[in-house]
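S.K.: This is final.pdb, which holds PDB, C-alpha atoms and all ligand atoms:
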ATOM      1  CA  MET D 349     177.553  89.163 115.648
ATOM      2  CA  THR D 350     176.811  85.713 114.449
ATOM      3  CA  ARG D 351     174.945  86.162 111.185
ATOM      4  CA  PRO D 352     177.094  88.170 108.779
ATOM      5  CA  LEU D 353     175.490  89.391 105.561
ATOM      6  CA  VAL D 354     177.419  90.684 102.564
ATOM      7  CA  VAL D 355     175.349  93.043 100.410
ATOM      8  CA  ILE D 356     176.385  93.208  96.741
ATOM      9  CA  PRO D 357     174.617  95.878  94.665
ATOM     10  CA  THR D 358     174.592  95.145  90.959
ATOM     11  CA  TYR D 359     173.917  96.934  87.732
ATOM     12  CA  ASP D 360     175.151  95.147  84.603
ATOM     13  CA  GLU D 361     177.604  92.839  86.333
ATOM     14  CA  ARG D 362     176.912  89.585  84.499
ATOM     15  CA  GLU D 363     180.620  88.906  83.888
ATOM     16  CA  ASN D 364     181.510  89.474  87.541
ATOM     17  CA  LEU D 365     178.699  88.304  89.806
ATOM     18  CA  ALA D 366     179.068  84.510  89.979
ATOM     19  CA  ALA D 367     182.794  84.689  90.704
ATOM     20  CA  ILE D 368     182.458  87.355  93.374
ATOM     21  CA  VAL D 369     179.658  85.482  95.186
ATOM     22  CA  ALA D 370     181.709  82.271  95.122
ATOM     23  CA  ARG D 371     184.732  84.130  96.518
ATOM     24  CA  VAL D 372     182.657  85.634  99.340
ATOM     25  CA  ARG D 373     181.215  82.242 100.278
ATOM     26  CA  ALA D 374     184.691  80.699 100.216
ATOM     27  CA  ALA D 375     186.301  83.500 102.237
ATOM     28  CA  VAL D 376     183.681  83.464 105.012
ATOM     29  CA  PRO D 377     181.451  80.372 104.726
ATOM     30  CA  ALA D 378     179.239  81.639 107.581
ATOM     31  CA  ALA D 379     178.359  84.767 105.617
ATOM     32  CA  SER D 380     175.125  85.036 103.675
ATOM     33  CA  VAL D 381     174.950  87.150 100.544
ATOM     34  CA  LEU D 382     172.268  89.573  99.396
ATOM     35  CA  VAL D 383     172.464  90.666  95.755
ATOM     36  CA  VAL D 384     170.508  93.866  95.109
ATOM     37  CA  ASP D 385     169.875  94.189  91.391
ATOM     38  CA  ASP D 386     168.241  97.188  89.726
ATOM     39  CA  ASN D 387     166.728  95.274  86.808
ATOM     40  CA  SER D 388     170.054  95.154  84.944
ATOM     41  CA  PRO D 389     169.515  95.073  81.169
ATOM     42  CA  ASP D 390     172.324  92.506  80.800
ATOM     43  CA  GLY D 391     170.434  89.856  82.809
ATOM     44  CA  THR D 392     172.446  90.031  86.043
ATOM     45  CA  GLY D 393     169.174  89.571  87.986
ATOM     46  CA  ALA D 394     168.550  86.167  86.409
ATOM     47  CA  ILE D 395     172.121  85.098  87.165
ATOM     48  CA  ALA D 396     171.567  86.131  90.793
ATOM     49  CA  ASP D 397     168.364  84.064  90.909
ATOM     50  CA  GLY D 398     170.335  81.054  89.652
ATOM     51  CA  LEU D 399     172.957  81.508  92.377
ATOM     52  CA  ALA D 400     170.210  81.810  95.024
ATOM     53  CA  ALA D 401     168.513  78.645  93.747
ATOM     54  CA  ALA D 402     171.786  76.731  94.102
ATOM     55  CA  ASP D 403     172.742  78.081  97.543
ATOM     56  CA  ALA D 404     170.295  78.793 100.380
ATOM     57  CA  SER D 405     172.700  81.386 101.816
ATOM     58  CA  VAL D 406     172.380  83.590  98.729
ATOM     59  CA  HIS D 407     169.407  85.966  98.507
ATOM     60  CA  VAL D 408     168.255  88.418  95.862
ATOM     61  CA  LEU D 409     166.395  91.702  96.038
ATOM     62  CA  HIS D 410     165.033  92.803  92.675
ATOM     63  CA  ARG D 411     164.364  96.496  92.271
ATOM     64  CA  ARG D 412     162.325  97.848  89.416
ATOM     65  CA  ALA D 413     164.790 100.313  87.877
ATOM     66  CA  LYS D 414     168.259 101.794  88.274
ATOM     67  CA  ASN D 415     167.923 104.229  91.109
ATOM     68  CA  GLY D 416     171.472 104.601  92.368
ATOM     69  CA  LEU D 417     173.799 102.728  94.659
ATOM     70  CA  GLY D 418     172.551 104.527  97.780
ATOM     71  CA  ALA D 419     168.919 103.634  97.186
ATOM     72  CA  ALA D 420     169.890  99.996  96.658
ATOM     73  CA  TYR D 421     171.903  99.915  99.894
ATOM     74  CA  LEU D 422     169.187 101.608 101.954
ATOM     75  CA  GLU D 423     166.640  98.990 100.844
ATOM     76  CA  ALA D 424     169.164  96.225 101.565
ATOM     77  CA  PHE D 425     169.895  97.557 105.067
ATOM     78  CA  ALA D 426     166.164  97.568 105.926
ATOM     79  CA  TRP D 427     165.891  93.989 104.586
ATOM     80  CA  ALA D 428     168.914  92.868 106.630
ATOM     81  CA  LEU D 429     167.858  94.540 109.887
ATOM     82  CA  ASP D 430     164.380  93.019 109.590
ATOM     83  CA  ARG D 431     166.017  89.590 109.459
ATOM     84  CA  ASP D 432     168.539  90.177 112.274
ATOM     85  CA  PHE D 433     171.694  89.874 110.186
ATOM     86  CA  ASP D 434     174.760  91.205 111.991
ATOM     87  CA  PRO D 435     177.203  92.518 110.879
ATOM     88  CA  ILE D 436     176.227  93.898 107.474
ATOM     89  CA  VAL D 437     178.937  94.384 104.868
ATOM     90  CA  GLN D 438     178.986  96.477 101.682
ATOM     91  CA  LEU D 439     180.947  94.990  98.779
ATOM     92  CA  ASP D 440     181.083  95.913  95.064
ATOM     93  CA  ALA D 441     180.427  93.258  92.434
ATOM     94  CA  ASP D 442     183.189  94.385  90.089
ATOM     95  CA  GLY D 443     186.141  92.833  91.927
ATOM     96  CA  SER D 444     187.431  96.113  93.382
ATOM     97  CA  HIS D 445     186.824  94.856  96.933
ATOM     98  CA  LEU D 446     188.632  91.581  97.574
ATOM     99  CA  PRO D 447     186.402  89.045  99.365
ATOM    100  CA  GLU D 448     189.608  87.469 100.687
ATOM    101  CA  GLU D 449     190.016  90.572 102.881
ATOM    102  CA  LEU D 450     186.567  90.122 104.481
ATOM    103  CA  PRO D 451     187.948  88.227 107.510
ATOM    104  CA  SER D 452     190.208  91.153 108.446
ATOM    105  CA  LEU D 453     187.291  93.587 108.157
ATOM    106  CA  LEU D 454     185.095  91.386 110.362
ATOM    107  CA  GLU D 455     187.914  90.825 112.824
ATOM    108  CA  ALA D 456     188.428  94.586 113.157
ATOM    109  CA  LEU D 457     184.812  94.904 114.313
ATOM    110  CA  GLN D 458     185.630  92.556 117.224
ATOM    111  CA  THR D 459     188.920  94.156 118.230
ATOM    112  CA  THR D 460     188.862  96.482 121.233
ATOM    113  CA  ASP D 461     191.093  99.544 121.309
ATOM    114  CA  ALA D 462     193.225 100.787 124.207
ATOM    115  CA  ALA D 463     190.154 102.472 125.730
ATOM    116  CA  GLY D 464     188.254  99.159 125.654
ATOM    117  CA  ARG D 465     185.870 100.190 122.877
ATOM    118  CA  THR D 466     184.930  98.032 119.930
ATOM    119  CA  PRO D 467     184.198  99.888 116.692
ATOM    120  CA  ASP D 468     180.705 100.348 115.233
ATOM    121  CA  LEU D 469     181.989 100.098 111.705
ATOM    122  CA  ALA D 470     185.121  98.947 109.905
ATOM    123  CA  ILE D 471     186.222 100.650 106.695
ATOM    124  CA  GLY D 472     188.359  98.927 104.077
ATOM    125  CA  SER D 473     190.771 101.794 103.497
ATOM    126  CA  ARG D 474     193.083 102.577 100.605
ATOM    127  CA  TRP D 475     194.745 105.505 102.318
ATOM    128  CA  VAL D 476     196.066 104.039 105.584
ATOM    129  CA  PRO D 477     199.516 102.381 105.790
ATOM    130  CA  GLY D 478     199.303  98.979 104.104
ATOM    131  CA  GLY D 479     196.388 100.020 101.868
ATOM    132  CA  SER D 480     196.917 100.118  98.106
ATOM    133  CA  ILE D 481     195.389 100.484  94.660
ATOM    134  CA  VAL D 482     195.915  98.220  91.679
ATOM    135  CA  ASN D 483     195.453  99.496  88.114
ATOM    136  CA  TRP D 484     194.670 103.148  88.705
ATOM    137  CA  PRO D 485     196.328 105.861  86.691
ATOM    138  CA  ARG D 486     198.142 108.435  88.802
ATOM    139  CA  HIS D 487     195.582 111.193  88.068
ATOM    140  CA  ARG D 488     192.692 109.067  89.325
ATOM    141  CA  GLU D 489     194.501 108.286  92.548
ATOM    142  CA  LEU D 490     195.239 111.980  93.026
ATOM    143  CA  LEU D 491     191.581 112.877  92.381
ATOM    144  CA  SER D 492     190.349 110.304  94.880
ATOM    145  CA  ARG D 493     192.886 111.203  97.568
ATOM    146  CA  THR D 494     192.193 114.924  97.204
ATOM    147  CA  GLY D 495     188.410 114.449  97.248
ATOM    148  CA  SER D 496     188.628 112.218 100.302
ATOM    149  CA  ALA D 497     190.937 114.618 102.172
ATOM    150  CA  TYR D 498     188.713 117.600 101.353
ATOM    151  CA  ALA D 499     185.479 115.865 102.427
ATOM    152  CA  GLY D 500     187.136 114.597 105.605
ATOM    153  CA  TRP D 501     188.411 118.085 106.440
ATOM    154  CA  ILE D 502     185.214 120.025 105.835
ATOM    155  CA  LEU D 503     183.009 117.463 107.590
ATOM    156  CA  ARG D 504     185.578 116.956 110.373
ATOM    157  CA  LEU D 505     185.660 113.192 109.835
ATOM    158  CA  PRO D 506     188.651 111.452 111.447
ATOM    159  CA  VAL D 507     188.861 108.957 108.591
ATOM    160  CA  ARG D 508     191.412 108.837 105.752
ATOM    161  CA  ASP D 509     189.319 107.087 103.106
ATOM    162  CA  VAL D 510     185.895 108.705 103.340
ATOM    163  CA  THR D 511     184.664 107.509  99.921
ATOM    164  CA  ALA D 512     185.571 103.850 100.505
ATOM    165  CA  GLY D 513     182.734 101.495  99.602
ATOM    166  CA  TYR D 514     184.051  98.416 101.400
ATOM    167  CA  ARG D 515     182.572  98.641 104.892
ATOM    168  CA  ALA D 516     181.258  96.414 107.664
ATOM    169  CA  PHE D 517     178.628  97.803 110.042
ATOM    170  CA  ARG D 518     177.338  96.357 113.272
ATOM    171  CA  ALA D 519     173.573  96.040 112.921
ATOM    172  CA  ASP D 520     173.126  98.341 115.922
ATOM    173  CA  ALA D 521     175.300 100.961 114.244
ATOM    174  CA  LEU D 522     172.920 101.015 111.276
ATOM    175  CA  ARG D 523     170.002 101.279 113.701
ATOM    176  CA  ASP D 524     171.649 104.248 115.468
ATOM    177  CA  LEU D 525     172.784 106.006 112.332
ATOM    178  CA  HIS D 526     169.481 107.640 111.338
ATOM    179  CA  LEU D 527     169.297 106.068 107.885
ATOM    180  CA  GLU D 528     166.142 108.088 107.282
ATOM    181  CA  LEU D 529     168.397 111.170 107.067
ATOM    182  CA  VAL D 530     170.652 109.693 104.371
ATOM    183  CA  HIS D 531     169.285 111.066 101.114
ATOM    184  CA  THR D 532     172.167 110.717  98.659
ATOM    185  CA  LEU D 533     171.146 107.975  96.286
ATOM    186  CA  GLY D 534     174.030 108.081  93.837
ATOM    187  CA  TYR D 535     177.667 109.106  94.058
ATOM    188  CA  GLY D 536     178.320 110.617  97.477
ATOM    189  CA  PHE D 537     176.301 108.005  99.358
ATOM    190  CA  GLN D 538     179.377 106.653 101.098
ATOM    191  CA  VAL D 539     180.356 110.099 102.400
ATOM    192  CA  ASP D 540     176.752 110.805 103.444
ATOM    193  CA  MET D 541     176.675 107.546 105.456
ATOM    194  CA  LEU D 542     179.971 108.305 107.159
ATOM    195  CA  TRP D 543     178.888 111.829 108.017
ATOM    196  CA  HIS D 544     175.695 110.565 109.648
ATOM    197  CA  ALA D 545     177.702 107.917 111.493
ATOM    198  CA  HIS D 546     179.942 110.699 112.802
ATOM    199  CA  GLU D 547     176.964 112.839 113.822
ATOM    200  CA  ALA D 548     175.525 109.820 115.672
ATOM    201  CA  GLY D 549     178.808 109.435 117.615
ATOM    202  CA  LEU D 550     179.729 106.069 116.106
ATOM    203  CA  VAL D 551     183.296 104.771 116.230
ATOM    204  CA  ALA D 552     185.010 103.774 112.968
ATOM    205  CA  VAL D 553     188.220 101.861 112.420
ATOM    206  CA  GLU D 554     190.129 101.735 109.121
ATOM    207  CA  VAL D 555     191.579  98.459 107.909
ATOM    208  CA  PRO D 556     194.122  98.548 105.061
ATOM    209  CA  VAL D 557     192.858  96.900 101.874
ATOM    210  CA  THR D 558     193.999  96.441  98.320
ATOM    211  CA  PHE D 559     191.553  98.063  95.912
ATOM    212  CA  VAL D 560     191.575  96.575  92.417
ATOM    213  CA  GLU D 561     190.104  98.582  89.547
ATOM    214  CA  ARG D 562     187.392  96.741  87.611
ATOM    215  CA  GLU D 563     188.530  94.671  84.613
ATOM    216  CA  HIS D 564     185.206  94.646  82.762
ATOM    217  CA  GLY D 565     183.295  97.810  81.919
ATOM    218  CA  HIS D 566     184.624 101.308  82.373
ATOM    219  CA  SER D 567     184.794 103.937  85.083
ATOM    220  CA  LYS D 568     182.028 106.516  85.439
ATOM    221  CA  MET D 569     184.280 108.815  87.407
ATOM    222  CA  SER D 570     184.834 112.278  85.870
ATOM    223  CA  ILE D 571     185.949 115.689  87.049
ATOM    224  CA  GLY D 572     182.289 116.831  86.791
ATOM    225  CA  ILE D 573     181.125 114.119  89.188
ATOM    226  CA  VAL D 574     183.881 114.989  91.622
ATOM    227  CA  LEU D 575     183.074 118.721  91.525
ATOM    228  CA  GLU D 576     179.371 118.017  92.075
ATOM    229  CA  ALA D 577     180.193 115.802  95.071
ATOM    230  CA  MET D 578     182.537 118.463  96.475
ATOM    231  CA  ALA D 579     179.794 121.098  96.184
ATOM    232  CA  ARG D 580     177.387 118.858  98.112
ATOM    233  CA  VAL D 581     179.937 118.062 100.781
ATOM    234  CA  THR D 582     180.773 121.770 101.139
ATOM    235  CA  ALA D 583     177.072 122.571 101.684
ATOM    236  CA  TRP D 584     176.853 119.843 104.370
ATOM    237  CA  GLY D 585     180.030 121.069 106.058
ATOM    238  CA  VAL D 586     178.920 124.711 106.122
ATOM    239  CA  GLY D 587     175.414 123.731 107.343
ATOM    240  CA  SER D 588     176.914 121.600 110.073
ATOM    241  CA  TRP D 589     179.271 124.468 111.103
ATOM    242  CA  PHE D 590     176.260 126.810 111.528
ATOM    243  CA  ARG D 591     174.379 124.172 113.522
ATOM    244  CA  ARG D 592     177.350 123.714 115.845
ATOM    245  CA  ARG D 593     177.524 127.452 116.431
ATOM    246  CA  ARG D 594     173.843 127.496 117.352
ATOM    247  CA  GLN D 595     174.116 124.378 119.583
ATOM    248  CA  PRO D 596     177.682 124.320 120.902
ATOM    249  CA  ALA D 597     176.918 121.421 123.254
ATOM    250  CA  ARG D 598     176.081 118.969 120.472
ATOM    251  CA  ASN D 599     179.571 118.103 119.306
ATOM    252  CA  ASP D 600     181.553 119.338 122.270
ATOM    253  CA  GLY D 601     179.755 117.414 124.994
ATOM    254  CA  PRO D 602     180.970 114.365 126.893
ATOM    255  CA  ALA D 603     180.812 112.154 123.789
ATOM    256  CA  ALA D 604     183.393 114.379 122.096
ATOM    257  CA  SER D 605     186.223 112.421 123.677
ATOM    258  CA  ARG D 606     185.263 109.381 121.604
ATOM    259  CA  SER D 607     187.101 108.876 118.342
ATOM    260  CA  ARG D 608     184.128 109.234 116.095
ATOM    261  CA  ALA D 609     183.394 108.040 112.591
TER
HETATM  262  N1  LIG B   1     171.612  98.039  92.466
HETATM  263  C1  LIG B   1     172.420  98.975  91.960
HETATM  264  N2  LIG B   1     173.750  98.763  91.907
HETATM  265  C2  LIG B   1     174.534  99.735  91.371
HETATM  266  C3  LIG B   1     174.022 100.952  90.866
HETATM  267  N3  LIG B   1     175.074 101.695  90.410
HETATM  268  C4  LIG B   1     176.194 100.964  90.632
HETATM  269  N4  LIG B   1     175.873  99.769  91.201
HETATM  270  C5  LIG B   1     176.770  98.702  91.648
HETATM  271  O1  LIG B   1     177.529  99.244  92.713
HETATM  272  C6  LIG B   1     178.877  98.772  92.685
HETATM  273  C7  LIG B   1     179.826  99.959  92.549
HETATM  274  O2  LIG B   1     179.580 100.618  91.320
HETATM  275  P1  LIG B   1     180.719 100.963  90.251
HETATM  276  O3  LIG B   1     180.072 101.209  88.931
HETATM  277  O4  LIG B   1     181.784  99.940  90.306
HETATM  278  O5  LIG B   1     181.210 102.354  90.802
HETATM  279  P2  LIG B   1     182.661 102.846  90.971
HETATM  280  O6  LIG B   1     183.459 101.775  91.640
HETATM  281  O7  LIG B   1     182.575 104.185  91.620
HETATM  282  O8  LIG B   1     183.128 103.093  89.472
HETATM  283  P3  LIG B   1     183.986 102.183  88.448
HETATM  284  O9  LIG B   1     185.227 102.941  88.242
HETATM  285  O10 LIG B   1     183.120 102.091  87.237
HETATM  286  O11 LIG B   1     184.232 100.833  89.049
HETATM  287  C8  LIG B   1     178.939  97.795  91.533
HETATM  288  O12 LIG B   1     178.726  96.501  92.044
HETATM  289  C9  LIG B   1     177.784  98.237  90.621
HETATM  290  O13 LIG B   1     177.245  97.184  89.850
HETATM  291  C10 LIG B   1     172.607 101.143  90.920
HETATM  292  O14 LIG B   1     172.065 102.161  90.514
HETATM  293  N5  LIG B   1     171.862 100.136  91.479
HETATM  294 MG    MG B   2     183.812  99.939  90.809
END
Re-express the file's structure as structure tokens.
M.R.:
Amino acid sequence: MTRPLVVIPTYDERENLAAIVARVRAAVPAASVLVVDDNSPDGTGAIADGLAAADASVHVLHRRAKNGLGAAYLEAFAWALDRDFDPIVQLDADGSHLPEELPSLLEALQTTDAAGRTPDLAIGSRWVPGGSIVNWPRHRELLSRTGSAYAGWILRLPVRDVTAGYRAFRADALRDLHLELVHTLGYGFQVDMLWHAHEAGLVAVEVPVTFVEREHGHSKMSIGIVLEAMARVTAWGVGSWFRRRRQPARNDGPAASRSRA
């Protein structure tokens, strides 16, 4: 783990990008940055090109059109694995994920637990002791907590914050995760990734973070989006329950003693 890469997906983040890249570079100078821009109408792609021209550790992937956060991340992961970056971090451009907390996320990936295992991924979690949210109305917090608890329960994920987008993966974890099976391109991508990590027997650790709601722009979260995501997650959970009944050995074998993602 010597070549960390922080992936920042962007769509219309011109007011936020330069500051967030500078904060990442200051927080962990050894970390490179990959901005993945979906041809933002506000010119974020050109700003990213300017940052890359000024700093050899900043890279840009331009995608033709807005195709969802998941699609952007999947292309970025392939790019990063091809170039042997390790670990690979997901971080939003809008200031919700504090770059200053990157060192604790990276450190968690190196820390062995009582059983002598080091985690495959570290999750920046709002819902473990020490985690917090800044600038969210009470109803949004309730919606997020409930959605996370429901998805975690039905998919049997031993993680509190299953929708968290601030994550650090070992490169090998991404290789083992079966990214080709992750099909959720938009909202729900984070849960889809975690579920496949769990199915692959990967170990996750949650690190408390402070999540700050974006200052510029507005939230796309609505009750409709949440219900749609819950319906998807329910279908996955029920499908996975039937599969387990058909192949009882899969999740109850020797690997079951591991604390999985
Ligand atoms: N490349 C790319 N980036 C995206 C896309 N959709 C969102 N993003 C970026 O992904 C990150 C997270 O998206 P947000 O819009 O903040 O999503 P959110 O945090 O669920 O919702 P907000 O409440 O609006 O902050 C941001 O950096 C966005 O610019 C997309 O389709 N393509
Ligand atoms: Mg956001």
S.K.: Between D:Leu575, D:Leu417, D:Val476, D:Leu450, which is the closest to ligand MG 2 (chain B) once you count all atoms listed in the file?
M.R.: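 Selected residue with least distance to ligand MG 2 (chain B): D:Leu417.
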S.K.: Name the residues, by chain letter and number, that sit within 8 Å of ligand MG 2 (chain B) using all atoms listed in the file, and give them as a ChimeraX atom specification.
M.R.: /D:440-444,561-562,567
S.K.: Convert the current residue selection to file output with C-alpha atoms, as a PDB file, keeping the file's coordinate frame.
M.R.:
ATOM      1  CA  ASP D 440     181.083  95.913  95.064  1.00  0.00           C
ATOM      2  CA  ALA D 441     180.427  93.258  92.434  1.00  0.00           C
ATOM      3  CA  ASP D 442     183.189  94.385  90.089  1.00  0.00           C
ATOM      4  CA  GLY D 443     186.141  92.833  91.927  1.00  0.00           C
ATOM      5  CA  SER D 444     187.431  96.113  93.382  1.00  0.00           C
ATOM      6  CA  GLU D 561     190.104  98.582  89.547  1.00  0.00           C
ATOM      7  CA  ARG D 562     187.392  96.741  87.611  1.00  0.00           C
ATOM      8  CA  SER D 567     184.794 103.937  85.083  1.00  0.00           C
TER       9      SER D 567
END
S.K.: Hey, which residues come within 9 Å of ligand LIG 1 (chain B) if we count only C-alpha atoms and all ligand atoms? Could you give them as a VMD selection string?
M.R.: chain D and resid 356 to 361 364 to 365 383 to 388 409 to 411 413 to 421 439 to 444 513 533 to 535 561 to 569
S.K.: Just so the selection is clear, what residues does the PyMOL selection byres (((chain D and resi 438) around 6) and not hetatm) cover here, as a list of chain:residue names?
M.R.: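 This file gives the following for the PyMOL selection byres (((chain D and resi 438) around 6) and not hetatm): D:Val355, D:Val437, D:Leu439, D:Tyr514, D:Arg515.
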S.K.: Please expand the PyMOL selection byres (((chain D and resi 469) around 8) and not hetatm) into the concrete residues it hits in this file, giving the result as a compact mmCIF listing (two decimals) with C-alpha atoms, keeping the file's coordinate frame.
M.R.:
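Once everything was written out, this is out.txt:
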# COMPACT_ATOMS: atom_id res chain seq x y z
CA LEU D 457 184.81 94.90 114.31
CA PRO D 467 184.20 99.89 116.69
CA ASP D 468 180.70 100.35 115.23
CA ALA D 470 185.12 98.95 109.90
CA ILE D 471 186.22 100.65 106.70
CA ARG D 515 182.57 98.64 104.89
CA ALA D 516 181.26 96.41 107.66
CA PHE D 517 178.63 97.80 110.04
CA ARG D 518 177.34 96.36 113.27
CA ALA D 521 175.30 100.96 114.24
CA LEU D 550 179.73 106.07 116.11
CA VAL D 551 183.30 104.77 116.23
CA ALA D 552 185.01 103.77 112.97
CA VAL D 553 188.22 101.86 112.42
S.K.: Which residues are near His526 in chain D? Cut-off 8 Å, all atoms listed in the file, ignore same chain within fewer than 4 positions. Put them as JSON, numbers by chain.
M.R.: {"D": [522, 530, 544, 548]}
S.K.: Would you mind reading off the distance between CA of Ala404 in chain D and CA of Ala367 in chain D, one decimal, in Å?
M.R.: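 Taking CA of Ala404 in chain D and CA of Ala367 in chain D, their separation equals 16.9 Å.
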S.K.: D:Pro435, D:Pro447, D:Gly495, D:Gly472: which is nearest Val369 in chain D, counting only C-alpha atoms?
M.R.: D:Pro447
S.K.: Hey, can you check how far CA of Leu353 in chain D sits from CA of Glu423 in chain D?
M.R.: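 So the two atoms, CA of Leu353 in chain D and CA of Glu423 in chain D, lie 13.9 Å apart.
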S.K.: Between D:Leu490, D:Val354, D:Val560, D:Gly398, which one has atoms that come closest to Arg373 in chain D, using only C-alpha atoms?
M.R.: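 Among D:Leu490, D:Val354, D:Val560, D:Gly398, it is D:Val354 that comes nearest to Arg373 in chain D.
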S.K.: Counting only C-alpha atoms, what is within 12 Å of Ala577 in chain D, bar same-chain residues fewer than 3 positions away, as a PyMOL selection string?
M.R.: chain D and resi 492+495-496+498-499+511+532+534-540+569-574+580-584
S.K.: For a quick check of understanding, using all atoms listed in the file, which of D:Ala463, D:Leu382, D:Ala497, D:Ala426 has the smallest distance to Val408 in chain D?
M.R.: D:Leu382
S.K.: Name the residues, using the chain letters and numbers of the file, that sit within 12 Å of (184.3, 82.4, 101.0) when counting only C-alpha atoms, and give them as a list in words.
M.R.: Val354, Ala367, Ile368, Val369, Ala370, Arg371, Val372, Arg373, Ala374, Ala375, Val376, Pro377, Ala378, Ala379, Ser380, Val381, Ser405, Leu446, Pro447, Glu448, Glu449, Leu450 and Pro451 of chain D
S.K.: Do you have the CA of Phe559 in chain D-CA of Leu454 in chain D distance handy?
M.R.: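 Going from CA of Phe559 in chain D over to CA of Leu454 in chain D, I get 17.2 Å.
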S.K.: Any chance you could build range 440-453 of chain D out to N, CA and C atoms and write it as a PDB file, in the coordinates of the input?
M.R.:
ATOM      1  N   ASP D 440     181.389  95.740  96.489  1.00  0.00           N
ATOM      2  CA  ASP D 440     181.083  95.913  95.064  1.00  0.00           C
ATOM      3  C   ASP D 440     181.183  94.587  94.315  1.00  0.00           C
ATOM      4  N   ALA D 441     180.430  94.490  93.225  1.00  0.00           N
ATOM      5  CA  ALA D 441     180.427  93.258  92.434  1.00  0.00           C
ATOM      6  C   ALA D 441     181.585  93.196  91.439  1.00  0.00           C
ATOM      7  N   ASP D 442     182.266  94.322  91.222  1.00  0.00           N
ATOM      8  CA  ASP D 442     183.189  94.385  90.089  1.00  0.00           C
ATOM      9  C   ASP D 442     184.608  93.926  90.394  1.00  0.00           C
ATOM     10  N   GLY D 443     184.814  93.373  91.595  1.00  0.00           N
ATOM     11  CA  GLY D 443     186.141  92.833  91.927  1.00  0.00           C
ATOM     12  C   GLY D 443     187.056  93.847  92.584  1.00  0.00           C
ATOM     13  N   SER D 444     186.577  95.097  92.757  1.00  0.00           N
ATOM     14  CA  SER D 444     187.431  96.113  93.382  1.00  0.00           C
ATOM     15  C   SER D 444     187.681  95.812  94.853  1.00  0.00           C
ATOM     16  N   HIS D 445     186.688  95.209  95.515  1.00  0.00           N
ATOM     17  CA  HIS D 445     186.824  94.856  96.933  1.00  0.00           C
ATOM     18  C   HIS D 445     187.097  93.361  97.027  1.00  0.00           C
ATOM     19  N   LEU D 446     188.250  92.995  97.562  1.00  0.00           N
ATOM     20  CA  LEU D 446     188.632  91.581  97.574  1.00  0.00           C
ATOM     21  C   LEU D 446     187.894  90.833  98.685  1.00  0.00           C
ATOM     22  N   PRO D 447     187.092  89.832  98.339  1.00  0.00           N
ATOM     23  CA  PRO D 447     186.402  89.045  99.365  1.00  0.00           C
ATOM     24  C   PRO D 447     187.384  88.381 100.318  1.00  0.00           C
ATOM     25  N   GLU D 448     188.595  88.114  99.846  1.00  0.00           N
ATOM     26  CA  GLU D 448     189.608  87.469 100.687  1.00  0.00           C
ATOM     27  C   GLU D 448     190.009  88.364 101.864  1.00  0.00           C
ATOM     28  N   GLU D 449     189.691  89.663 101.779  1.00  0.00           N
ATOM     29  CA  GLU D 449     190.016  90.572 102.881  1.00  0.00           C
ATOM     30  C   GLU D 449     188.852  90.745 103.855  1.00  0.00           C
ATOM     31  N   LEU D 450     187.733  90.061 103.583  1.00  0.00           N
ATOM     32  CA  LEU D 450     186.567  90.122 104.481  1.00  0.00           C
ATOM     33  C   LEU D 450     186.911  89.719 105.917  1.00  0.00           C
ATOM     34  N   PRO D 451     187.660  88.617 106.125  1.00  0.00           N
ATOM     35  CA  PRO D 451     187.948  88.227 107.510  1.00  0.00           C
ATOM     36  C   PRO D 451     188.622  89.340 108.302  1.00  0.00           C
ATOM     37  N   SER D 452     189.529  90.116 107.657  1.00  0.00           N
ATOM     38  CA  SER D 452     190.208  91.153 108.446  1.00  0.00           C
ATOM     39  C   SER D 452     189.253  92.294 108.764  1.00  0.00           C
ATOM     40  N   LEU D 453     188.294  92.552 107.877  1.00  0.00           N
ATOM     41  CA  LEU D 453     187.291  93.587 108.157  1.00  0.00           C
ATOM     42  C   LEU D 453     186.392  93.159 109.327  1.00  0.00           C
TER      43      LEU D 453
END
